[in-house]
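Okay, target-v7.pdb now, which holds PDB, C-alpha atoms, pLDDT in the B column:
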ATOM      1  CA  MET A   1      -3.887   5.971  -7.285  1.00 49.00           C
ATOM      2  CA  ASP A   2      -3.248   4.784 -10.805  1.00 53.00           C
ATOM      3  CA  SER A   3      -5.546   2.420 -12.685  1.00 48.00           C
ATOM      4  CA  ALA A   4      -2.980  -0.411 -12.647  1.00 51.00           C
ATOM      5  CA  VAL A   5      -3.277  -0.575  -8.862  1.00 56.00           C
ATOM      6  CA  ARG A   6      -7.081  -0.215  -8.754  1.00 53.00           C
ATOM      7  CA  GLY A   7      -7.758  -2.566 -11.637  1.00 63.00           C
ATOM      8  CA  ASP A   8     -11.116  -2.154 -13.341  1.00 78.00           C
ATOM      9  CA  ALA A   9     -13.183  -0.247 -10.775  1.00 84.00           C
ATOM     10  CA  PRO A  10     -15.734   1.973 -12.552  1.00 88.00           C
ATOM     11  CA  ILE A  11     -17.483   2.849  -9.279  1.00 90.00           C
ATOM     12  CA  TYR A  12     -14.203   4.060  -7.786  1.00 86.00           C
ATOM     13  CA  ASP A  13     -13.434   6.026 -10.970  1.00 89.00           C
ATOM     14  CA  SER A  14     -16.812   7.768 -10.872  1.00 90.00           C
ATOM     15  CA  LEU A  15     -16.358   8.616  -7.180  1.00 87.00           C
ATOM     16  CA  ILE A  16     -12.985  10.195  -7.960  1.00 90.00           C
ATOM     17  CA  GLU A  17     -14.605  12.245 -10.717  1.00 90.00           C
ATOM     18  CA  GLU A  18     -17.345  13.423  -8.323  1.00 92.00           C
ATOM     19  CA  ARG A  19     -15.400  13.890  -5.084  1.00 90.00           C
ATOM     20  CA  GLY A  20     -11.733  13.976  -6.056  1.00 92.00           C
ATOM     21  CA  ASP A  21      -9.040  11.502  -5.059  1.00 92.00           C
ATOM     22  CA  VAL A  22      -9.320  11.899  -1.287  1.00 91.00           C
ATOM     23  CA  PRO A  23      -6.683   9.275  -0.368  1.00 90.00           C
ATOM     24  CA  ALA A  24      -4.142  10.943  -2.668  1.00 93.00           C
ATOM     25  CA  ASP A  25      -5.008  14.384  -1.242  1.00 95.00           C
ATOM     26  CA  VAL A  26      -4.615  13.106   2.313  1.00 96.00           C
ATOM     27  CA  ARG A  27      -1.286  11.502   1.416  1.00 96.00           C
ATOM     28  CA  ARG A  28       0.022  14.789  -0.037  1.00 96.00           C
ATOM     29  CA  VAL A  29      -1.085  16.791   3.018  1.00 97.00           C
ATOM     30  CA  ALA A  30       0.441  14.213   5.404  1.00 96.00           C
ATOM     31  CA  GLU A  31       3.760  14.276   3.528  1.00 96.00           C
ATOM     32  CA  GLU A  32       3.864  18.100   3.583  1.00 95.00           C
ATOM     33  CA  THR A  33       2.983  18.137   7.298  1.00 95.00           C
ATOM     34  CA  LEU A  34       5.787  15.664   7.990  1.00 94.00           C
ATOM     35  CA  ARG A  35       8.259  17.867   6.077  1.00 93.00           C
ATOM     36  CA  GLN A  36       7.151  20.936   8.066  1.00 93.00           C
ATOM     37  CA  LEU A  37       7.414  19.073  11.372  1.00 93.00           C
ATOM     38  CA  THR A  38      10.863  17.782  10.464  1.00 90.00           C
ATOM     39  CA  ARG A  39      12.027  21.356   9.803  1.00 88.00           C
ATOM     40  CA  ALA A  40      10.315  22.737  12.941  1.00 90.00           C
ATOM     41  CA  LEU A  41      11.730  20.054  15.234  1.00 88.00           C
ATOM     42  CA  ASP A  42      15.254  20.037  13.825  1.00 80.00           C
ATOM     43  CA  PHE A  43      17.477  19.974  16.902  1.00 77.00           C
ATOM     44  CA  GLY A  44      20.609  19.069  14.955  1.00 72.00           C
ATOM     45  CA  PRO A  45      23.655  21.353  14.721  1.00 69.00           C
ATOM     46  CA  MET A  46      22.444  22.998  11.502  1.00 60.00           C
ATOM     47  CA  GLY A  47      19.021  23.748  13.041  1.00 52.00           C
ATOM     48  CA  ARG A  48      20.426  25.592  16.062  1.00 50.00           C
ATOM     49  CA  SER A  49      20.740  29.328  16.359  1.00 49.00           C
ATOM     50  CA  SER A  50      22.348  31.377  19.109  1.00 49.00           C
ATOM     51  CA  GLY A  51      19.723  31.270  21.812  1.00 49.00           C
ATOM     52  CA  TYR A  52      18.409  28.484  23.903  1.00 51.00           C
ATOM     53  CA  PRO A  53      20.592  25.412  23.436  1.00 54.00           C
ATOM     54  CA  GLY A  54      18.943  22.966  21.100  1.00 53.00           C
ATOM     55  CA  MET A  55      16.212  25.355  20.029  1.00 54.00           C
ATOM     56  CA  GLY A  56      15.844  27.003  16.640  1.00 56.00           C
ATOM     57  CA  PHE A  57      14.972  30.451  17.970  1.00 59.00           C
ATOM     58  CA  PRO A  58      16.619  33.158  20.111  1.00 62.00           C
ATOM     59  CA  PRO A  59      15.683  33.821  23.765  1.00 61.00           C
ATOM     60  CA  PRO A  60      13.060  36.506  24.541  1.00 64.00           C
ATOM     61  CA  ALA A  61      14.346  40.079  24.797  1.00 67.00           C
ATOM     62  CA  SER A  62      13.677  40.185  28.577  1.00 60.00           C
ATOM     63  CA  ILE A  63      16.406  37.614  29.331  1.00 51.00           C
TER
END
Render the structure in this file as structure tokens.
Amino acid sequence: MDSAVRGDAPIYDSLIEERGDVPADVRRVAEETLRQLTRALDFGPMGRSSGYPGMGFPPPASI
């Protein structure tokens, strides 16, 4: 979070120095997780392979 949004918050600044910017870290991890989920759950035409209809992986070898 930039200082323009926080304003003058020396306690917050010292906590970030000690512990890191946890909200920003959480935001980055959540955005990356959302990107991974979007790719994993892509049931659109480009996400399909020859296999189970609508799935992005082939059927097991036993079928």
(request) Would you work out the distance separating CA of Ala9 (chain A) from CA of Asp21 (chain A), expressed in Å to one decimal? (result) 13.7 Å
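When CA of Asp13 (chain A) is paired with CA of Asp25 (chain A), their separation reads 15.3 Å.
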(message) Could you tell me how far CA of Ala30 (chain A) sits from CA of Tyr12 (chain A), in Å to one decimal place?
(response) 22.2 Å
